[in-house]
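Have a look at query-v4.pdb below; it lists PDB, C-alpha atoms.
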```pdb
ATOM      1  CA  MET A   1      -3.375  13.192   8.195
ATOM      2  CA  ALA A   2      -6.492  11.991   6.387
ATOM      3  CA  GLY A   3      -8.548   9.100   7.601
ATOM      4  CA  THR A   4     -10.075   7.965  10.893
ATOM      5  CA  THR A   5      -7.859   9.173  13.706
ATOM      6  CA  ILE A   6      -8.120   8.360  17.397
ATOM      7  CA  HIS A   7      -5.988   9.719  20.206
ATOM      8  CA  GLY A   8      -5.332   9.188  23.878
ATOM      9  CA  ILE A   9      -3.650   6.282  25.655
ATOM     10  CA  ASN A  10      -6.807   4.366  26.555
ATOM     11  CA  ALA A  11      -8.463   4.752  23.138
ATOM     12  CA  VAL A  12      -5.343   3.642  21.268
ATOM     13  CA  ARG A  13      -4.696   0.744  23.668
ATOM     14  CA  GLU A  14      -8.306  -0.420  23.229
ATOM     15  CA  ALA A  15      -8.033  -0.304  19.428
ATOM     16  CA  ILE A  16      -4.874  -2.429  19.502
ATOM     17  CA  GLN A  17      -6.305  -4.951  21.962
ATOM     18  CA  ARG A  18      -9.493  -5.331  19.891
ATOM     19  CA  GLY A  19      -7.430  -6.100  16.800
ATOM     20  CA  GLN A  20      -8.539  -3.065  14.793
ATOM     21  CA  THR A  21      -6.505  -2.428  11.655
ATOM     22  CA  VAL A  22      -3.992   0.268  12.667
ATOM     23  CA  ASN A  23      -2.345   1.966   9.694
ATOM     24  CA  ARG A  24       0.164   3.881  11.771
ATOM     25  CA  LEU A  25       0.798   5.019  15.334
ATOM     26  CA  TYR A  26       2.138   8.473  16.168
ATOM     27  CA  PHE A  27       3.996   9.272  19.392
ATOM     28  CA  ALA A  28       5.009  12.758  20.487
ATOM     29  CA  GLN A  29       8.779  13.043  20.750
ATOM     30  CA  GLU A  30       8.502  15.117  23.908
ATOM     31  CA  SER A  31       5.844  12.982  25.627
ATOM     32  CA  ARG A  32       6.549  11.526  29.043
ATOM     33  CA  ALA A  33       2.926  10.556  29.718
ATOM     34  CA  HIS A  34       2.405   7.452  31.808
ATOM     35  CA  GLY A  35       1.440   4.527  29.562
ATOM     36  CA  VAL A  36       3.090   5.761  26.354
ATOM     37  CA  LYS A  37       6.145   3.544  26.874
ATOM     38  CA  GLY A  38       3.881   0.523  27.157
ATOM     39  CA  LEU A  39       2.177   1.389  23.854
ATOM     40  CA  ILE A  40       5.549   1.798  22.147
ATOM     41  CA  ALA A  41       6.558  -1.644  23.423
ATOM     42  CA  GLN A  42       3.264  -3.082  22.118
ATOM     43  CA  ALA A  43       3.804  -1.487  18.724
ATOM     44  CA  LYS A  44       7.276  -3.005  18.510
ATOM     45  CA  ALA A  45       6.075  -6.433  19.628
ATOM     46  CA  LEU A  46       3.179  -6.465  17.139
ATOM     47  CA  LYS A  47       5.326  -4.887  14.388
ATOM     48  CA  LEU A  48       2.854  -2.022  13.932
ATOM     49  CA  PRO A  49       4.113   0.951  11.874
ATOM     50  CA  TYR A  50       4.832   3.954  14.102
ATOM     51  CA  ASP A  51       6.548   7.338  13.967
ATOM     52  CA  PHE A  52       7.805   9.836  16.521
ATOM     53  CA  VAL A  53       6.659  13.368  15.674
ATOM     54  CA  PRO A  54       7.010  16.793  17.362
ATOM     55  CA  GLN A  55       4.319  17.714  19.879
ATOM     56  CA  ALA A  56       3.142  20.520  17.588
ATOM     57  CA  LYS A  57       2.686  18.072  14.720
ATOM     58  CA  LEU A  58       0.627  15.741  16.897
ATOM     59  CA  ASN A  59      -1.518  18.706  17.955
ATOM     60  CA  GLU A  60      -2.153  19.391  14.279
ATOM     61  CA  LEU A  61      -2.879  15.755  13.421
ATOM     62  CA  THR A  62      -5.405  15.300  16.210
ATOM     63  CA  GLY A  63      -6.860  18.809  16.333
ATOM     64  CA  THR A  64      -6.308  18.970  20.099
ATOM     65  CA  ARG A  65      -3.605  19.258  22.750
ATOM     66  CA  GLU A  66      -5.347  16.643  24.898
ATOM     67  CA  HIS A  67      -3.948  13.636  23.021
ATOM     68  CA  GLN A  68      -1.657  12.385  25.829
ATOM     69  CA  GLY A  69       1.201  12.094  23.347
ATOM     70  CA  VAL A  70      -0.262   9.351  21.175
ATOM     71  CA  ALA A  71      -2.570   8.975  18.179
ATOM     72  CA  ALA A  72      -3.451   6.189  15.747
ATOM     73  CA  GLN A  73      -4.719   6.185  12.201
ATOM     74  CA  ILE A  74      -7.322   3.459  11.737
ATOM     75  CA  SER A  75      -8.083   1.891   8.358
ATOM     76  CA  PRO A  76     -11.662   2.325   7.047
ATOM     77  CA  ILE A  77     -11.595  -1.339   5.947
ATOM     78  CA  ASP A  78      -9.753  -4.453   7.005
ATOM     79  CA  TYR A  79      -6.782  -5.725   5.048
ATOM     80  CA  VAL A  80      -6.789  -9.360   3.953
ATOM     81  CA  ALA A  81      -3.969 -11.811   4.566
ATOM     82  CA  LEU A  82      -1.801 -12.517   1.526
ATOM     83  CA  ASP A  83      -2.504 -16.253   1.752
ATOM     84  CA  ALA A  84      -6.260 -15.601   1.776
ATOM     85  CA  LEU A  85      -5.925 -13.291  -1.227
ATOM     86  CA  LEU A  86      -4.031 -15.933  -3.203
ATOM     87  CA  GLU A  87      -6.482 -18.673  -2.254
ATOM     88  CA  GLY A  88      -9.285 -16.611  -3.778
ATOM     89  CA  CYS A  89      -7.497 -16.088  -7.115
ATOM     90  CA  PRO A  90      -8.805 -18.020 -10.157
ATOM     91  CA  PRO A  91      -6.424 -19.720 -12.647
ATOM     92  CA  ILE A  92      -6.293 -16.516 -14.722
ATOM     93  CA  ALA A  93      -5.600 -13.586 -12.411
ATOM     94  CA  THR A  94      -4.026 -10.138 -12.169
ATOM     95  CA  LEU A  95      -2.643  -8.569  -9.000
ATOM     96  CA  LEU A  96      -1.448  -4.984  -8.547
ATOM     97  CA  VAL A  97       1.610  -4.680  -6.287
ATOM     98  CA  LEU A  98       2.538  -1.204  -5.031
ATOM     99  CA  ASP A  99       6.007  -0.480  -3.664
ATOM    100  CA  GLN A 100       5.781   2.524  -1.341
ATOM    101  CA  VAL A 101       3.349   4.637  -3.377
ATOM    102  CA  GLN A 102       3.231   7.847  -1.339
ATOM    103  CA  HIS A 103       0.209   9.844  -2.390
ATOM    104  CA  THR A 104      -3.185   8.775  -1.103
ATOM    105  CA  ARG A 105      -4.998  10.071  -4.191
ATOM    106  CA  ASN A 106      -2.681   8.109  -6.456
ATOM    107  CA  LEU A 107      -3.312   5.025  -4.347
ATOM    108  CA  GLY A 108      -7.066   5.505  -4.560
ATOM    109  CA  MET A 109      -6.978   5.973  -8.335
ATOM    110  CA  MET A 110      -4.783   2.885  -8.749
ATOM    111  CA  ILE A 111      -7.229   0.817  -6.707
ATOM    112  CA  ARG A 112     -10.099   2.155  -8.828
ATOM    113  CA  SER A 113      -8.261   1.146 -12.011
ATOM    114  CA  ALA A 114      -7.442  -2.279 -10.588
ATOM    115  CA  ALA A 115     -11.102  -2.865  -9.765
ATOM    116  CA  GLY A 116     -12.208  -1.538 -13.154
ATOM    117  CA  ALA A 117      -9.777  -3.794 -15.002
ATOM    118  CA  GLY A 118     -11.020  -6.841 -13.129
ATOM    119  CA  ALA A 119      -7.877  -7.424 -11.049
ATOM    120  CA  GLN A 120      -8.215  -9.889  -8.204
ATOM    121  CA  GLY A 121      -6.445  -7.805  -5.575
ATOM    122  CA  VAL A 122      -3.911  -5.185  -4.515
ATOM    123  CA  ILE A 123      -0.796  -5.727  -2.384
ATOM    124  CA  LEU A 124       0.801  -2.852  -0.430
ATOM    125  CA  ALA A 125       4.152  -2.540   1.306
ATOM    126  CA  GLY A 126       3.437  -2.181   5.015
ATOM    127  CA  ARG A 127       5.896   0.661   5.589
ATOM    128  CA  GLY A 128       7.101   3.640   3.612
ATOM    129  CA  GLY A 129       3.980   4.289   1.554
ATOM    130  CA  ALA A 130       0.390   5.464   1.851
ATOM    131  CA  LEU A 131      -2.044   3.066   3.490
ATOM    132  CA  LEU A 132      -5.818   2.855   3.374
ATOM    133  CA  ASP A 133      -7.664   5.837   4.777
ATOM    134  CA  ASP A 134     -10.718   7.944   4.005
ATOM    135  CA  THR A 135      -8.880   9.928   1.311
ATOM    136  CA  VAL A 136      -7.985   6.691  -0.492
ATOM    137  CA  LEU A 137     -11.586   5.524  -0.202
ATOM    138  CA  ARG A 138     -12.870   8.760  -1.747
ATOM    139  CA  ALA A 139     -10.228   8.780  -4.514
ATOM    140  CA  SER A 140     -11.206   5.215  -5.404
ATOM    141  CA  ALA A 141     -14.842   6.335  -5.788
ATOM    142  CA  GLY A 142     -15.835   3.581  -3.378
ATOM    143  CA  THR A 143     -14.209   0.770  -5.377
ATOM    144  CA  LEU A 144     -11.864   0.156  -2.429
ATOM    145  CA  LEU A 145     -14.798  -1.745  -0.934
ATOM    146  CA  ARG A 146     -14.972  -4.019  -3.992
ATOM    147  CA  ILE A 147     -11.425  -5.376  -4.187
ATOM    148  CA  PRO A 148      -9.308  -7.119  -1.519
ATOM    149  CA  VAL A 149      -6.164  -5.328  -0.354
ATOM    150  CA  ALA A 150      -3.293  -7.077   1.433
ATOM    151  CA  ARG A 151      -0.609  -5.290   3.442
ATOM    152  CA  VAL A 152       2.686  -7.164   3.758
ATOM    153  CA  LYS A 153       5.715  -6.561   5.976
ATOM    154  CA  ASN A 154       8.252  -7.641   3.343
ATOM    155  CA  LEU A 155       7.378  -7.004  -0.302
ATOM    156  CA  SER A 156      10.313  -9.034  -1.637
ATOM    157  CA  GLN A 157       9.169 -12.050   0.363
ATOM    158  CA  ALA A 158       5.615 -11.481  -0.894
ATOM    159  CA  LEU A 159       6.842 -11.647  -4.495
ATOM    160  CA  ARG A 160       8.551 -14.953  -3.743
ATOM    161  CA  THR A 161       5.258 -16.200  -2.325
ATOM    162  CA  LEU A 162       3.527 -15.094  -5.531
ATOM    163  CA  ARG A 163       6.070 -17.044  -7.575
ATOM    164  CA  ASP A 164       5.232 -20.166  -5.568
ATOM    165  CA  ALA A 165       1.587 -19.526  -6.489
ATOM    166  CA  GLU A 166       2.570 -19.465 -10.205
ATOM    167  CA  PHE A 167       2.411 -15.694 -10.620
ATOM    168  CA  TRP A 168       4.910 -13.916 -12.876
ATOM    169  CA  SER A 169       5.929 -10.523 -11.488
ATOM    170  CA  TYR A 170       6.557  -7.582 -13.817
ATOM    171  CA  ALA A 171       8.180  -4.334 -12.676
ATOM    172  CA  LEU A 172       7.065  -1.234 -14.568
ATOM    173  CA  ALA A 173      10.102   0.941 -15.383
ATOM    174  CA  ALA A 174      11.019   3.614 -17.934
ATOM    175  CA  GLY A 175      13.725   1.386 -19.423
ATOM    176  CA  GLY A 176      11.802  -1.866 -19.166
ATOM    177  CA  GLU A 177      12.794  -4.839 -21.311
ATOM    178  CA  GLN A 178       9.353  -5.530 -22.771
ATOM    179  CA  ASP A 179       6.695  -3.291 -24.293
ATOM    180  CA  VAL A 180       3.375  -3.537 -22.437
ATOM    181  CA  PHE A 181       1.525  -3.415 -25.780
ATOM    182  CA  THR A 182       3.304  -6.417 -27.279
ATOM    183  CA  MET A 183       3.502  -8.563 -24.121
ATOM    184  CA  ASN A 184       2.445 -12.191 -24.246
ATOM    185  CA  TRP A 185       0.862 -12.277 -20.798
ATOM    186  CA  PRO A 186       0.977 -15.440 -18.676
ATOM    187  CA  ALA A 187      -2.207 -16.640 -16.990
ATOM    188  CA  ARG A 188      -1.162 -15.267 -13.616
ATOM    189  CA  ARG A 189       0.640 -11.909 -13.460
ATOM    190  CA  ALA A 190       1.552  -9.414 -10.762
ATOM    191  CA  LEU A 191       2.124  -5.848 -11.932
ATOM    192  CA  VAL A 192       4.582  -3.971  -9.725
ATOM    193  CA  ILE A 193       4.438  -0.160  -9.568
ATOM    194  CA  GLY A 194       7.007   1.845  -7.612
ATOM    195  CA  ASN A 195       7.213   5.054  -5.638
ATOM    196  CA  GLU A 196       6.272   8.223  -7.548
ATOM    197  CA  THR A 197       9.778   9.711  -7.191
ATOM    198  CA  HIS A 198      12.202   6.828  -6.767
ATOM    199  CA  GLY A 199      10.428   3.999  -8.573
ATOM    200  CA  ILE A 200      10.764   0.385  -7.457
ATOM    201  CA  ARG A 201      13.371  -0.358  -4.794
ATOM    202  CA  PRO A 202      16.324  -2.452  -6.075
ATOM    203  CA  GLY A 203      15.652  -5.287  -3.637
ATOM    204  CA  VAL A 204      12.045  -5.520  -4.809
ATOM    205  CA  ALA A 205      13.037  -5.290  -8.488
ATOM    206  CA  LYS A 206      15.400  -8.252  -8.039
ATOM    207  CA  ASN A 207      12.440 -10.428  -7.133
ATOM    208  CA  CYS A 208      10.533  -9.533 -10.319
ATOM    209  CA  ASP A 209      10.724 -11.834 -13.326
ATOM    210  CA  ALA A 210      10.976  -9.066 -15.923
ATOM    211  CA  THR A 211      10.591  -5.328 -16.464
ATOM    212  CA  LEU A 212       7.963  -3.615 -18.608
ATOM    213  CA  ARG A 213       7.884  -0.211 -20.264
ATOM    214  CA  ILE A 214       5.174   2.009 -21.701
ATOM    215  CA  PRO A 215       6.522   3.489 -24.973
ATOM    216  CA  LEU A 216       6.400   7.294 -24.823
ATOM    217  CA  ALA A 217       6.893  10.064 -27.333
ATOM    218  CA  GLU A 218      10.389  11.526 -27.618
ATOM    219  CA  GLY A 219      11.193  13.939 -24.834
ATOM    220  CA  ILE A 220       8.625  12.503 -22.404
ATOM    221  CA  GLU A 221      10.382  10.623 -19.623
ATOM    222  CA  SER A 222       7.510   9.252 -17.566
ATOM    223  CA  LEU A 223       3.816   9.288 -16.719
ATOM    224  CA  ASN A 224       1.988   9.856 -13.466
ATOM    225  CA  ALA A 225       2.160   6.611 -11.487
ATOM    226  CA  ALA A 226      -1.626   6.215 -11.370
ATOM    227  CA  VAL A 227      -1.929   6.772 -15.132
ATOM    228  CA  ALA A 228       0.848   4.263 -15.823
ATOM    229  CA  ALA A 229      -0.810   1.708 -13.542
ATOM    230  CA  SER A 230      -4.107   2.130 -15.402
ATOM    231  CA  ILE A 231      -2.499   1.572 -18.798
ATOM    232  CA  VAL A 232      -0.718  -1.626 -17.795
ATOM    233  CA  LEU A 233      -3.734  -2.981 -15.883
ATOM    234  CA  PHE A 234      -6.113  -2.607 -18.804
ATOM    235  CA  GLN A 235      -3.536  -3.862 -21.290
ATOM    236  CA  ALA A 236      -3.065  -7.000 -19.184
ATOM    237  CA  ALA A 237      -6.846  -7.376 -19.001
ATOM    238  CA  ARG A 238      -7.070  -7.535 -22.799
TER     239      ARG A 238
END
```

Kindly transcribe the structure held in the file into structure tokens.
Amino acid sequence: MAGTTIHGINAVREAIQRGQTVNRLYFAQESRAHGVKGLIAQAKALKLPYDFVPQAKLNELTGTREHQGVAAQISPIDYVALDALLEGCPPIATLLVLDQVQHTRNLGMMIRSAAGAGAQGVILAGRGGALLDDTVLRASAGTLLRIPVARVKNLSQALRTLRDAEFWSYALAAGGEQDVFTMNWPARRALVIGNETHGIRPGVAKNCDATLRIPLAEGIESLNAAVAASIVLFQAAR
């Protein structure tokens, strides 16, 4: 697990109580340590992402056996609220929306492309994909610090919120309806990129206004997700 990791009941409880941005909590499946149940209840109440993992895996993640059955991955930067992100968008704006992108290096490269193309922000699904950590920061070559990133609990609801803010949402797919190179872009557009293996989830796709495709040579089915994101971001920026 890359990123800033803390472990131990008191350290994790303190991070939660101080309102630090917790990417994910990890609890040992076998743990019966006093206080762990209370942290699990807190995680549920605050809707923090958490996983139960074998004791051996937690040993590996923390580099110690003295973790008391709990660890937390802390974000290197704070996420912004979606409402705050939208309030800061000018009349002409581009947002990058990522639906469960798994690989931290892909995420970092996508953020770097978004910043380079002049996008106003990035929106991440809160569960099921990579979140901000030190690997993402390095892969973005530091540009993560230059662009606001929002993490949302429900990506479909977030797209409906974008529609209310006059954004058109476009899902990038191999069989997309419109060619990214001939698009007549609206003033406000959200570019939705899906998981590297499974693409955009059907429920998320239903809340997009249209689908886009990058035309490829015969026999080539797809591009790396980060490469595809770069192409559509810079094409929209034109």

Here's the selection I'm unsure about, the PyMOL selection byres ((chain A and resi 8) around 9); applied to the file above, which residues does it give, as a PyMOL selection string?
chain A and resi 6-7+9-13+66-72

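What the PyMOL selection byres ((chain A and resi 194-199) around 8) grabs from this file is A:Leu98, A:Asp99, A:Gln100, A:Val101, A:Gln102, A:Gly129, A:Leu172, A:Ala173, A:Val192, A:Ile193, A:Ile200, A:Arg201, A:Asn224, A:Ala225.
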
Name the residues that the PyMOL selection byres ((chain A and resi 105) around 7) pulls out of this structure, and write them as a count of residues only.
9

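From CA of Gly38 (chain A) back to CA of Ala150 (chain A), the distance works out to 27.8 Å.
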
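Checking A:Leu48, A:Glu14, A:Ala119, A:Val53 one by one against Ser31 (chain A), counting only C-alpha atoms, you find the shortest gap at A:Val53.
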
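The space between CA of Arg213 (chain A) and CA of Val152 (chain A) spans 25.5 Å.
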
Have region 24-44 of chain A completed to N, CA and C atoms, please, and pass it along as a CSV table (one decimal), in the coordinates of the input.
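Written output follows (out.csv):
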```csv
chain,number,residue,atom,x,y,z
A,24,ARG,N,-1.1,3.3,11.2
A,24,ARG,CA,0.2,3.9,11.8
A,24,ARG,C,-0.1,4.5,13.1
A,25,LEU,N,0.8,4.4,14.0
A,25,LEU,CA,0.8,5.0,15.3
A,25,LEU,C,1.7,6.2,15.3
A,26,TYR,N,1.3,7.3,16.1
A,26,TYR,CA,2.1,8.5,16.2
A,26,TYR,C,2.4,8.8,17.6
A,27,PHE,N,3.6,8.9,18.0
A,27,PHE,CA,4.0,9.3,19.4
A,27,PHE,C,4.7,10.6,19.4
A,28,ALA,N,4.3,11.5,20.4
A,28,ALA,CA,5.0,12.8,20.5
A,28,ALA,C,6.4,12.5,21.0
A,29,GLN,N,7.4,13.2,20.3
A,29,GLN,CA,8.8,13.0,20.8
A,29,GLN,C,9.0,13.5,22.2
A,30,GLU,N,8.3,14.5,22.6
A,30,GLU,CA,8.5,15.1,23.9
A,30,GLU,C,7.7,14.5,25.0
A,31,SER,N,6.8,13.5,24.7
A,31,SER,CA,5.8,13.0,25.6
A,31,SER,C,6.5,12.1,26.7
A,32,ARG,N,6.1,12.4,27.9
A,32,ARG,CA,6.5,11.5,29.0
A,32,ARG,C,5.3,11.0,29.8
A,33,ALA,N,4.2,11.0,29.1
A,33,ALA,CA,2.9,10.6,29.7
A,33,ALA,C,3.0,9.1,30.1
A,34,HIS,N,2.4,8.8,31.3
A,34,HIS,CA,2.4,7.5,31.8
A,34,HIS,C,1.6,6.6,30.8
A,35,GLY,N,2.1,5.4,30.5
A,35,GLY,CA,1.4,4.5,29.6
A,35,GLY,C,1.9,4.6,28.1
A,36,VAL,N,2.6,5.6,27.7
A,36,VAL,CA,3.1,5.8,26.4
A,36,VAL,C,4.2,4.7,26.1
A,37,LYS,N,5.1,4.5,27.1
A,37,LYS,CA,6.1,3.5,26.9
A,37,LYS,C,5.6,2.1,26.6
A,38,GLY,N,4.5,1.8,27.3
A,38,GLY,CA,3.9,0.5,27.2
A,38,GLY,C,3.3,0.4,25.8
A,39,LEU,N,2.7,1.4,25.2
A,39,LEU,CA,2.2,1.4,23.9
A,39,LEU,C,3.3,1.3,22.8
A,40,ILE,N,4.4,1.9,23.1
A,40,ILE,CA,5.5,1.8,22.1
A,40,ILE,C,6.0,0.4,22.1
A,41,ALA,N,6.1,-0.3,23.3
A,41,ALA,CA,6.6,-1.6,23.4
A,41,ALA,C,5.6,-2.6,22.7
A,42,GLN,N,4.3,-2.3,22.8
A,42,GLN,CA,3.3,-3.1,22.1
A,42,GLN,C,3.4,-3.0,20.6
A,43,ALA,N,3.6,-1.7,20.2
A,43,ALA,CA,3.8,-1.5,18.7
A,43,ALA,C,5.0,-2.3,18.2
A,44,LYS,N,6.1,-2.3,18.9
A,44,LYS,CA,7.3,-3.0,18.5
A,44,LYS,C,7.0,-4.5,18.5
```
